[in-house]
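Engineer: I am attaching a structure below and will ask some questions about it afterwards.
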Amino acid sequence: MAKFLTNRDENYAQWYNDLVIKAELAENSAVRGCMVIKPYGYAIWEKIQAQLDSMFKATGHVNAYFPLFIPKSFFSREAKHVEGFAKECAIVTHYRLKSDPNGKGVIVDPSAKLEEELIIRPTSETIIWNSYKNWIQSYRDLPILINQWCNVVRWEMRTRLFLRTAEFLWQEGHTAHATREEAVEETVKMINVYADFAENYMALPVIKGYKSEAERFAGAIDTYAIEALMQDGKALQAGTSHFLGQNFAKAFDVQFTDKTGKLDYVWATSWGLSTRMIGALIMAHADNHGLVLPPRLAPIQVVIIPIYKNTEQLDTISKAAVKIRAGLEAAGMTVKYDDRDTNKPGWKFANYELKGVPVRIAIGPRDIENGTVEIARRDTLEKETIKMDTAVKHISALLEDIQKNIYIKASEFKKENTRYVDTWKDFVSILDNEGGFIMAHWDGTPETEEKIKEETKATIRCIPFDSPEEEGKCIFSGKPSKKRVLFARSY
RNA sequence: CGGGGUGUAGCGCAGCCCGGUUAGCGCAUCUGGUUUGGGACCAGAGGGUCGCAGGUUCGAAUCCUGCCACCCCGACCA
């Protein structure tokens with residue numbers, strides 16, 4: 001069947017790449033590592049944005065915008081932060097070009113060198129905290145609950161469309177608080193917002209937990225993450241929320257007077273989620289026919305395709321189609337009626353399957369005669385014929401069912417591929433053969449974590465919040481451990 | 001940065017080893033017609049600095065030298 005896509009089970013990486021290109025989500029650009037996000041891919045991002053934005057607003061946040069450029073010196077203020085990002089920064093050194101005296105084209109004008117180089121933001125903590133210094137004097141100025149939608153640049157050695165690109169789109173929340181407790185509470189609140197979004201909108205089951213010291217955000221006291229499992233058994237970090245303590249307040253000298261008149265440094269959090277989520281959407285749900293979009297994030301939820309032999313038939317069908325579309329739209333659904341004469345119905349069927357449209361309606365002469373429509377659901381590819389006048393009610397319920405079904409399918413996959421392992425031999429063998437999540441004991445040291453990574457390429461994805469206390473022995477060192485942690489190979 | 005590979009039409013490739021006159025194939029595109037309930041068919045047409053520069057030769061996509069770009073593996077990567 002799917003002769004236009006590489007088979008998922010034969011070459012997962014190629015299948016992913018093919019799908020991104022063929023479903024017209026994105027493509028590589030003239031700039032190495034940077035992608036062009038095409039209209040259909042961007043429409044998915046807009047759905048993600050709209051939903052998350054409303055969730056941020058509902059939890060008291062507001063949007064703002066800070067500069068793309070960050071003075072180099074800002075980075076060195078926080079030692080761990082600069083260490084973490086130094087190796088992947090794009091740097092602006094000049095501000096002018098001039099014609100090449102030796103030939104055609106232009107060269108960088110050497111006389112236009114910047115006094116201080118500017119870093120293209122890989123993340124905005126430093127530029128934002130530099131502003132917060134001016135905004136915060138008193139506990140009355142707190143909390144500050146700001147989010148920013150923007151692009152960032154991280155000069156990655158090796159890139160993949162959506163999963164790791166040199167430039168990507170994201171949101172980054174940066175909050176300032178009077179107390180440690182409040183900041184920690186914010187950090188937890190936001191990882192919960194991400195998990196809620198992932199599970200209820202992306203239909204993506206996730207594991208919430210703490211990052212180990214080695215995997216923590218550069219400059220954070222604590223990093224919380226949601227980890228998702230992809231269909232090839234690899235983990236994907238889907239969102240992170242950081243408790244930054246007073247690190248950035250100290251680096252940028254942001255102090256405030258508390259209620260008792262005492263001077264103290266401000267407590268910070270930051271949290272982010274990126275276009276990588278589109279990669280997660282693909283790798284978690286898509287199949288050999290193409291994308292499978294959860295209805296809540298699908299730019300088109302229902303597509304109507306007419307089947308006709310001549311213009312008279314098309315006219316009749318169009319009348320019925322437009323009526324159904326109006327009914328579906330009135331009920332809040334996003335509908336496209338594709339009456340283009342440039343492609344045959346079969347081509348359209350395959351194309352909308354490739355693009356993951358949750359529900360397809362086909363209307364032909366047979367249906368007009370019988371007062372019916374044929375509907376097909378993308379997740380299971382099942383077709384049924386229903387009475388035309390029940391379409392709105394039926395499809396409305398069907399979209400809900402598809403949303404649920406995709407989530408259940410992903411949950412079952414996650415459950416089947418999460419294994420409790422107690423011996424090193426099993427650990428290695430499962431990683432090599434089955435992949436997936438592994439819950440195993442760890443002695444808590446960075447040394448052991450590093451050795452496990454070296455030998456197996458598996459990392460600690462997180463220490464799940466809900467991992468129960470139990471006596472055990474470290475999978476690698478045999479030393480005592482009180483909790484299982486989540487291991488996996490990851491993207 | 002180390003190892004390997006590839007640059008030929010919008011995309012995917014053949015031709016190169018063994019030099020030869022008009023550089024070919026599939027997809028896509030355009031025109032006309034027949035089609036339309038699962039990726040249509042027939043006929044015709046358009047589209048090329050053969051990555052760049054130099055060299056060898058009567059003659060270079062093909063051989064030689066240099067350069068550039070990209071891809072894969074490794075290193076690197078919250």
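Residues are named by chain letter and number: chains run A, B, ... in the order of the structure tokens, numbers start at 1 in each chain, and ligands are numbered from 1 in the order shown.
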Quick one: residues within 10 Å of segment 43-52 of chain B, only C-alpha atoms (C1' of nucleotides) counted, chain neighbours fewer than 2 positions away excluded, as a list of chain:residue names?
Structural biologist: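 Counting only C-alpha atoms (C1' of nucleotides), the residues come to B:G7, B:U8, B:A9, B:G10, B:A23, B:U29, B:C30, B:U31, B:G32, B:G33, B:A61, B:C67, B:C68, B:A69.
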Engineer: Using only C-alpha atoms (C1' of nucleotides), find which residues of chain B lie within 8 Å of chain A and jot them down as a PyMOL selection string.
Structural biologist: chain B and resi 36-39+76-78
Engineer: If you run DSSP on the backbone here, which positions in segment 373-486 of chain A get strand (DSSP E or B)? Please write them as a PyMOL selection string.
Structural biologist: chain A and resi 373-377+383-387+418-420+437-441+459-464+469-473+480-486
Engineer: Measuring atom to atom with only C-alpha atoms, identify which of A:Ala331, A:Val206, A:Ala410, A:Val106 is nearest to Lys393 of chain A.
Structural biologist: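 Among the listed residues, the smallest separation from Lys393 of chain A belongs to A:Ala331.
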Engineer: Between atom CA of Thr418 of chain A and atom CA of Ala298 of chain A, what is the distance, to one decimal in Å?
Structural biologist: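 Interatomic distance, atom CA of Thr418 of chain A to atom CA of Ala298 of chain A: 28.5 Å.
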Engineer: Need the shell around Ser76 of chain A: protein/DNA/RNA residues with any atom at most 10 Å away, counting only C-alpha atoms (C1' of nucleotides). Skip same-chain ones fewer than 4 positions apart. Format as a list in words?
Structural biologist: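 Everything that qualifies: Pro71, Lys72, Lys80, His81, Val82, Glu83, Ala86, Thr126 and Ala251 of chain A.
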Engineer: Just how far from atom CA of Leu161 of chain A is atom CA of Gly279 of chain A, in Å to one decimal?
Structural biologist: 7.7 Å
Engineer: Using DSSP on the backbone, list every residue of segment 131-252 of chain A that comes out as alpha helix (DSSP H), and give them as an NGL selection string.
Structural biologist: :A and (131-135 or 180-200 or 247-251)
Engineer: Write a file of the just-selected residues containing N, CA and C atoms, as a PDB file, in the first residue's frame.
Structural biologist:
ATOM      1  N   SER A 131      16.977  42.518  32.655  1.00  0.00           N
ATOM      2  CA  SER A 131      15.844  43.449  32.739  1.00  0.00           C
ATOM      3  C   SER A 131      15.160  43.377  34.096  1.00  0.00           C
ATOM      4  N   TYR A 132      15.007  42.145  34.590  1.00  0.00           N
ATOM      5  CA  TYR A 132      14.311  41.972  35.875  1.00  0.00           C
ATOM      6  C   TYR A 132      15.002  42.773  36.989  1.00  0.00           C
ATOM      7  N   LYS A 133      16.304  42.934  36.856  1.00  0.00           N
ATOM      8  CA  LYS A 133      17.056  43.711  37.851  1.00  0.00           C
ATOM      9  C   LYS A 133      16.442  45.114  38.005  1.00  0.00           C
ATOM     10  N   ASN A 134      16.020  45.667  36.878  1.00  0.00           N
ATOM     11  CA  ASN A 134      15.433  47.012  36.920  1.00  0.00           C
ATOM     12  C   ASN A 134      13.967  47.007  37.332  1.00  0.00           C
ATOM     13  N   TRP A 135      13.349  45.857  37.224  1.00  0.00           N
ATOM     14  CA  TRP A 135      11.908  45.790  37.478  1.00  0.00           C
ATOM     15  C   TRP A 135      11.564  45.455  38.937  1.00  0.00           C
ATOM     16  N   ARG A 180      11.452  30.710  47.993  1.00  0.00           N
ATOM     17  CA  ARG A 180      11.854  29.443  47.415  1.00  0.00           C
ATOM     18  C   ARG A 180      10.632  28.558  47.173  1.00  0.00           C
ATOM     19  N   GLU A 181       9.765  28.503  48.169  1.00  0.00           N
ATOM     20  CA  GLU A 181       8.593  27.629  48.082  1.00  0.00           C
ATOM     21  C   GLU A 181       7.733  27.993  46.873  1.00  0.00           C
ATOM     22  N   GLU A 182       7.547  29.294  46.704  1.00  0.00           N
ATOM     23  CA  GLU A 182       6.703  29.741  45.609  1.00  0.00           C
ATOM     24  C   GLU A 182       7.326  29.386  44.250  1.00  0.00           C
ATOM     25  N   ALA A 183       8.636  29.519  44.160  1.00  0.00           N
ATOM     26  CA  ALA A 183       9.321  29.207  42.897  1.00  0.00           C
ATOM     27  C   ALA A 183       9.242  27.705  42.602  1.00  0.00           C
ATOM     28  N   VAL A 184       9.441  26.903  43.639  1.00  0.00           N
ATOM     29  CA  VAL A 184       9.347  25.448  43.447  1.00  0.00           C
ATOM     30  C   VAL A 184       7.933  25.075  43.021  1.00  0.00           C
ATOM     31  N   GLU A 185       6.964  25.712  43.666  1.00  0.00           N
ATOM     32  CA  GLU A 185       5.561  25.450  43.338  1.00  0.00           C
ATOM     33  C   GLU A 185       5.285  25.787  41.861  1.00  0.00           C
ATOM     34  N   GLU A 186       5.848  26.891  41.400  1.00  0.00           N
ATOM     35  CA  GLU A 186       5.700  27.304  39.994  1.00  0.00           C
ATOM     36  C   GLU A 186       6.337  26.261  39.059  1.00  0.00           C
ATOM     37  N   THR A 187       7.508  25.792  39.420  1.00  0.00           N
ATOM     38  CA  THR A 187       8.207  24.805  38.597  1.00  0.00           C
ATOM     39  C   THR A 187       7.354  23.547  38.431  1.00  0.00           C
ATOM     40  N   VAL A 188       6.777  23.117  39.540  1.00  0.00           N
ATOM     41  CA  VAL A 188       5.925  21.924  39.516  1.00  0.00           C
ATOM     42  C   VAL A 188       4.648  22.197  38.721  1.00  0.00           C
ATOM     43  N   LYS A 189       4.073  23.367  38.949  1.00  0.00           N
ATOM     44  CA  LYS A 189       2.837  23.736  38.259  1.00  0.00           C
ATOM     45  C   LYS A 189       3.031  23.645  36.748  1.00  0.00           C
ATOM     46  N   MET A 190       4.164  24.166  36.262  1.00  0.00           N
ATOM     47  CA  MET A 190       4.360  24.214  34.829  1.00  0.00           C
ATOM     48  C   MET A 190       4.681  22.843  34.218  1.00  0.00           C
ATOM     49  N   ILE A 191       5.381  21.998  34.954  1.00  0.00           N
ATOM     50  CA  ILE A 191       5.617  20.661  34.401  1.00  0.00           C
ATOM     51  C   ILE A 191       4.270  19.923  34.330  1.00  0.00           C
ATOM     52  N   ASN A 192       3.382  20.262  35.255  1.00  0.00           N
ATOM     53  CA  ASN A 192       2.045  19.673  35.210  1.00  0.00           C
ATOM     54  C   ASN A 192       1.226  20.206  34.040  1.00  0.00           C
ATOM     55  N   VAL A 193       1.407  21.478  33.725  1.00  0.00           N
ATOM     56  CA  VAL A 193       0.732  22.046  32.552  1.00  0.00           C
ATOM     57  C   VAL A 193       1.216  21.321  31.294  1.00  0.00           C
ATOM     58  N   TYR A 194       2.517  21.117  31.203  1.00  0.00           N
ATOM     59  CA  TYR A 194       3.079  20.414  30.042  1.00  0.00           C
ATOM     60  C   TYR A 194       2.542  18.983  29.940  1.00  0.00           C
ATOM     61  N   ALA A 195       2.492  18.323  31.067  1.00  0.00           N
ATOM     62  CA  ALA A 195       2.017  16.934  31.072  1.00  0.00           C
ATOM     63  C   ALA A 195       0.542  16.886  30.667  1.00  0.00           C
ATOM     64  N   ASP A 196      -0.228  17.831  31.180  1.00  0.00           N
ATOM     65  CA  ASP A 196      -1.651  17.946  30.842  1.00  0.00           C
ATOM     66  C   ASP A 196      -1.790  18.156  29.324  1.00  0.00           C
ATOM     67  N   PHE A 197      -0.997  19.073  28.803  1.00  0.00           N
ATOM     68  CA  PHE A 197      -1.035  19.350  27.373  1.00  0.00           C
ATOM     69  C   PHE A 197      -0.657  18.110  26.561  1.00  0.00           C
ATOM     70  N   ALA A 198       0.438  17.472  26.947  1.00  0.00           N
ATOM     71  CA  ALA A 198       0.925  16.298  26.213  1.00  0.00           C
ATOM     72  C   ALA A 198      -0.139  15.196  26.203  1.00  0.00           C
ATOM     73  N   GLU A 199      -0.712  14.924  27.359  1.00  0.00           N
ATOM     74  CA  GLU A 199      -1.627  13.793  27.452  1.00  0.00           C
ATOM     75  C   GLU A 199      -2.999  14.101  26.845  1.00  0.00           C
ATOM     76  N   ASN A 200      -3.524  15.283  27.117  1.00  0.00           N
ATOM     77  CA  ASN A 200      -4.897  15.570  26.699  1.00  0.00           C
ATOM     78  C   ASN A 200      -5.028  16.198  25.324  1.00  0.00           C
ATOM     79  N   ASN A 247      20.311  31.517  41.520  1.00  0.00           N
ATOM     80  CA  ASN A 247      21.519  31.594  40.680  1.00  0.00           C
ATOM     81  C   ASN A 247      21.534  32.796  39.753  1.00  0.00           C
ATOM     82  N   PHE A 248      20.445  33.000  39.048  1.00  0.00           N
ATOM     83  CA  PHE A 248      20.438  34.110  38.080  1.00  0.00           C
ATOM     84  C   PHE A 248      20.253  35.457  38.777  1.00  0.00           C
ATOM     85  N   ALA A 249      19.515  35.455  39.883  1.00  0.00           N
ATOM     86  CA  ALA A 249      19.359  36.692  40.657  1.00  0.00           C
ATOM     87  C   ALA A 249      20.726  37.139  41.175  1.00  0.00           C
ATOM     88  N   LYS A 250      21.507  36.191  41.609  1.00  0.00           N
ATOM     89  CA  LYS A 250      22.850  36.524  42.104  1.00  0.00           C
ATOM     90  C   LYS A 250      23.749  36.982  40.963  1.00  0.00           C
ATOM     91  N   ALA A 251      23.658  36.286  39.821  1.00  0.00           N
ATOM     92  CA  ALA A 251      24.496  36.631  38.674  1.00  0.00           C
ATOM     93  C   ALA A 251      24.168  38.031  38.154  1.00  0.00           C
TER      94      ALA A 251
END
Engineer: Counting only C-alpha atoms, which of A:His177, A:Arg276, A:Arg461, A:His289 gets nearest to Gln246 of chain A?
Structural biologist: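 Under the stated criterion, the closest residue is A:His177.
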Engineer: Could you pull the residues within 10 Å of segment 394-405 of chain A, counting only C-alpha atoms (C1' of nucleotides), minus those fewer than 2 positions along the same chain, as a PyMOL selection string?
Structural biologist: chain A and resi 199-203+292-297+301-302+328+331-333+358-361+375+377-380+386-392+407-411
Engineer: Would you save the residues of that selection, restricted to C-alpha atoms, as a PDB file, in the first residue's frame?
Structural biologist:
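See selection-v3.pdb below for the written result:
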ATOM      1  CA  GLU A 199      -1.627  13.793  27.452  1.00  0.00           C
ATOM      2  CA  ASN A 200      -4.897  15.570  26.699  1.00  0.00           C
ATOM      3  CA  TYR A 201      -4.051  17.397  23.487  1.00  0.00           C
ATOM      4  CA  MET A 202      -1.096  15.554  21.942  1.00  0.00           C
ATOM      5  CA  ALA A 203      -2.515  12.205  23.132  1.00  0.00           C
ATOM      6  CA  VAL A 292      -2.060  10.384  12.533  1.00  0.00           C
ATOM      7  CA  LEU A 293      -2.995  13.678  14.138  1.00  0.00           C
ATOM      8  CA  PRO A 294      -4.946  13.891  17.365  1.00  0.00           C
ATOM      9  CA  PRO A 295      -8.190  15.752  16.538  1.00  0.00           C
ATOM     10  CA  ARG A 296      -7.477  18.470  19.110  1.00  0.00           C
ATOM     11  CA  LEU A 297      -4.320  19.541  17.259  1.00  0.00           C
ATOM     12  CA  GLN A 301     -10.319  17.796  11.499  1.00  0.00           C
ATOM     13  CA  VAL A 302     -12.683  16.681   8.754  1.00  0.00           C
ATOM     14  CA  LEU A 328     -19.916  20.589  11.312  1.00  0.00           C
ATOM     15  CA  ALA A 331     -20.619  22.458  15.985  1.00  0.00           C
ATOM     16  CA  GLY A 332     -17.052  23.799  16.281  1.00  0.00           C
ATOM     17  CA  MET A 333     -15.202  21.524  13.893  1.00  0.00           C
ATOM     18  CA  PRO A 358      -8.694  12.478  11.523  1.00  0.00           C
ATOM     19  CA  VAL A 359     -11.973  12.039   9.625  1.00  0.00           C
ATOM     20  CA  ARG A 360     -12.733  11.841   5.935  1.00  0.00           C
ATOM     21  CA  ILE A 361     -16.182  12.078   4.415  1.00  0.00           C
ATOM     22  CA  ILE A 375     -16.909   8.253   6.684  1.00  0.00           C
ATOM     23  CA  ARG A 377     -11.377   7.420  10.514  1.00  0.00           C
ATOM     24  CA  ARG A 378      -7.643   7.906  10.149  1.00  0.00           C
ATOM     25  CA  ASP A 379      -6.506   6.144  13.306  1.00  0.00           C
ATOM     26  CA  THR A 380      -7.948   2.725  12.471  1.00  0.00           C
ATOM     27  CA  ILE A 386     -24.065   6.638   7.828  1.00  0.00           C
ATOM     28  CA  LYS A 387     -27.226   8.646   7.217  1.00  0.00           C
ATOM     29  CA  MET A 388     -26.426  12.142   6.026  1.00  0.00           C
ATOM     30  CA  ASP A 389     -28.583  13.875   8.621  1.00  0.00           C
ATOM     31  CA  THR A 390     -26.793  12.200  11.526  1.00  0.00           C
ATOM     32  CA  ALA A 391     -23.355  13.258  10.298  1.00  0.00           C
ATOM     33  CA  VAL A 392     -22.759  16.171  12.692  1.00  0.00           C
ATOM     34  CA  TYR A 407      -3.992   8.111  23.568  1.00  0.00           C
ATOM     35  CA  ILE A 408      -4.962   4.615  24.654  1.00  0.00           C
ATOM     36  CA  LYS A 409      -2.897   3.085  21.879  1.00  0.00           C
ATOM     37  CA  ALA A 410       0.152   5.135  22.854  1.00  0.00           C
ATOM     38  CA  SER A 411      -0.403   4.305  26.534  1.00  0.00           C
TER      39      SER A 411
END
Engineer: Expressed in Å to a single decimal, how great is the separation between atom CA of Ala220 of chain A and atom CA of Asn130 of chain A?
Structural biologist: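 Separating atom CA of Ala220 of chain A from atom CA of Asn130 of chain A is a distance of 17.1 Å.
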Engineer: Compile the contact shell of segment 8-20 of chain A as a VMD selection string: residues with an atom at most 8 Å away, counting only C-alpha atoms (C1' of nucleotides), same-chain residues fewer than 6 positions apart removed.
Structural biologist: chain A and resid 26 to 27 161 232 282 to 283 287 to 288 290 to 291 354
Engineer: Could you take the residues named above and write them with all heavy atoms, as a short mmCIF file (atom, residue, chain, number, x, y, z; two decimals), in the first residue's frame?
Structural biologist:
data_model
loop_
_atom_site.label_atom_id
_atom_site.label_comp_id
_atom_site.auth_asym_id
_atom_site.auth_seq_id
_atom_site.Cartn_x
_atom_site.Cartn_y
_atom_site.Cartn_z
N ALA A 26 7.78 20.24 6.79
CA ALA A 26 8.99 21.05 6.78
C ALA A 26 9.98 20.48 5.78
O ALA A 26 9.81 19.36 5.30
CB ALA A 26 9.63 21.07 8.16
N GLU A 27 10.99 21.28 5.48
CA GLU A 27 12.06 20.79 4.62
C GLU A 27 13.37 21.46 5.02
O GLU A 27 13.37 22.46 5.74
CB GLU A 27 11.74 21.06 3.14
CG GLU A 27 11.61 22.54 2.81
CD GLU A 27 11.08 22.78 1.39
OE1 GLU A 27 10.38 21.92 0.86
OE2 GLU A 27 11.38 23.85 0.84
N LEU A 161 15.09 17.25 11.21
CA LEU A 161 13.90 18.08 11.13
C LEU A 161 13.02 17.93 12.38
O LEU A 161 12.68 16.82 12.77
CB LEU A 161 13.09 17.71 9.88
CG LEU A 161 13.78 18.06 8.55
CD1 LEU A 161 13.05 17.39 7.39
CD2 LEU A 161 13.85 19.55 8.34
N ASP A 232 9.88 3.72 18.06
CA ASP A 232 11.07 2.91 17.84
C ASP A 232 11.76 2.56 19.16
O ASP A 232 12.86 2.00 19.16
CB ASP A 232 12.06 3.63 16.92
CG ASP A 232 12.58 4.92 17.53
OD1 ASP A 232 11.97 5.40 18.51
OD2 ASP A 232 13.59 5.44 17.04
N ILE A 282 4.66 13.07 15.45
CA ILE A 282 4.88 12.16 14.33
C ILE A 282 5.35 10.80 14.85
O ILE A 282 4.77 9.77 14.53
CB ILE A 282 5.95 12.73 13.38
CG1 ILE A 282 5.50 14.07 12.81
CG2 ILE A 282 6.24 11.72 12.25
CD1 ILE A 282 6.62 14.87 12.17
N MET A 283 6.39 10.83 15.66
CA MET A 283 7.02 9.57 16.06
C MET A 283 6.18 8.76 17.03
O MET A 283 6.41 7.57 17.19
CB MET A 283 8.39 9.85 16.66
CG MET A 283 9.36 10.35 15.62
SD MET A 283 11.03 10.05 16.09
CE MET A 283 11.09 11.01 17.54
N ASP A 287 1.90 6.23 11.12
CA ASP A 287 2.06 4.85 10.65
C ASP A 287 2.54 4.82 9.20
O ASP A 287 2.95 5.84 8.66
CB ASP A 287 0.75 4.07 10.83
CG ASP A 287 -0.40 4.70 10.02
OD1 ASP A 287 -0.13 5.42 9.04
OD2 ASP A 287 -1.57 4.46 10.38
N ASN A 288 2.46 3.67 8.57
CA ASN A 288 2.96 3.54 7.21
C ASN A 288 2.13 4.27 6.16
O ASN A 288 2.54 4.38 5.01
CB ASN A 288 3.10 2.07 6.83
CG ASN A 288 4.40 1.49 7.36
OD1 ASN A 288 5.40 2.20 7.47
ND2 ASN A 288 4.38 0.22 7.71
N GLY A 290 1.10 7.41 6.88
CA GLY A 290 1.40 8.82 7.10
C GLY A 290 1.11 9.26 8.52
O GLY A 290 1.10 8.45 9.45
N LEU A 291 0.88 10.54 8.66
CA LEU A 291 0.60 11.13 9.96
C LEU A 291 -0.71 10.60 10.53
O LEU A 291 -1.62 10.24 9.77
CB LEU A 291 0.43 12.64 9.83
CG LEU A 291 1.64 13.54 9.67
CD1 LEU A 291 1.16 14.97 9.49
CD2 LEU A 291 2.51 13.43 10.89
N LEU A 354 -2.00 10.69 4.38
CA LEU A 354 -0.61 11.09 4.58
C LEU A 354 -0.52 12.28 5.54
O LEU A 354 0.37 12.36 6.37
CB LEU A 354 0.00 11.45 3.22
CG LEU A 354 1.47 11.84 3.15
CD1 LEU A 354 2.35 10.70 3.64
CD2 LEU A 354 1.85 12.20 1.72
#
Engineer: Measuring between only C-alpha atoms (C1' of nucleotides), which one of B:C1, B:C27, B:U62, B:A75 shows the shortest distance to C13 of chain B?
Structural biologist: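 Using only C-alpha atoms (C1' of nucleotides), C13 of chain B sits closest to B:C27.
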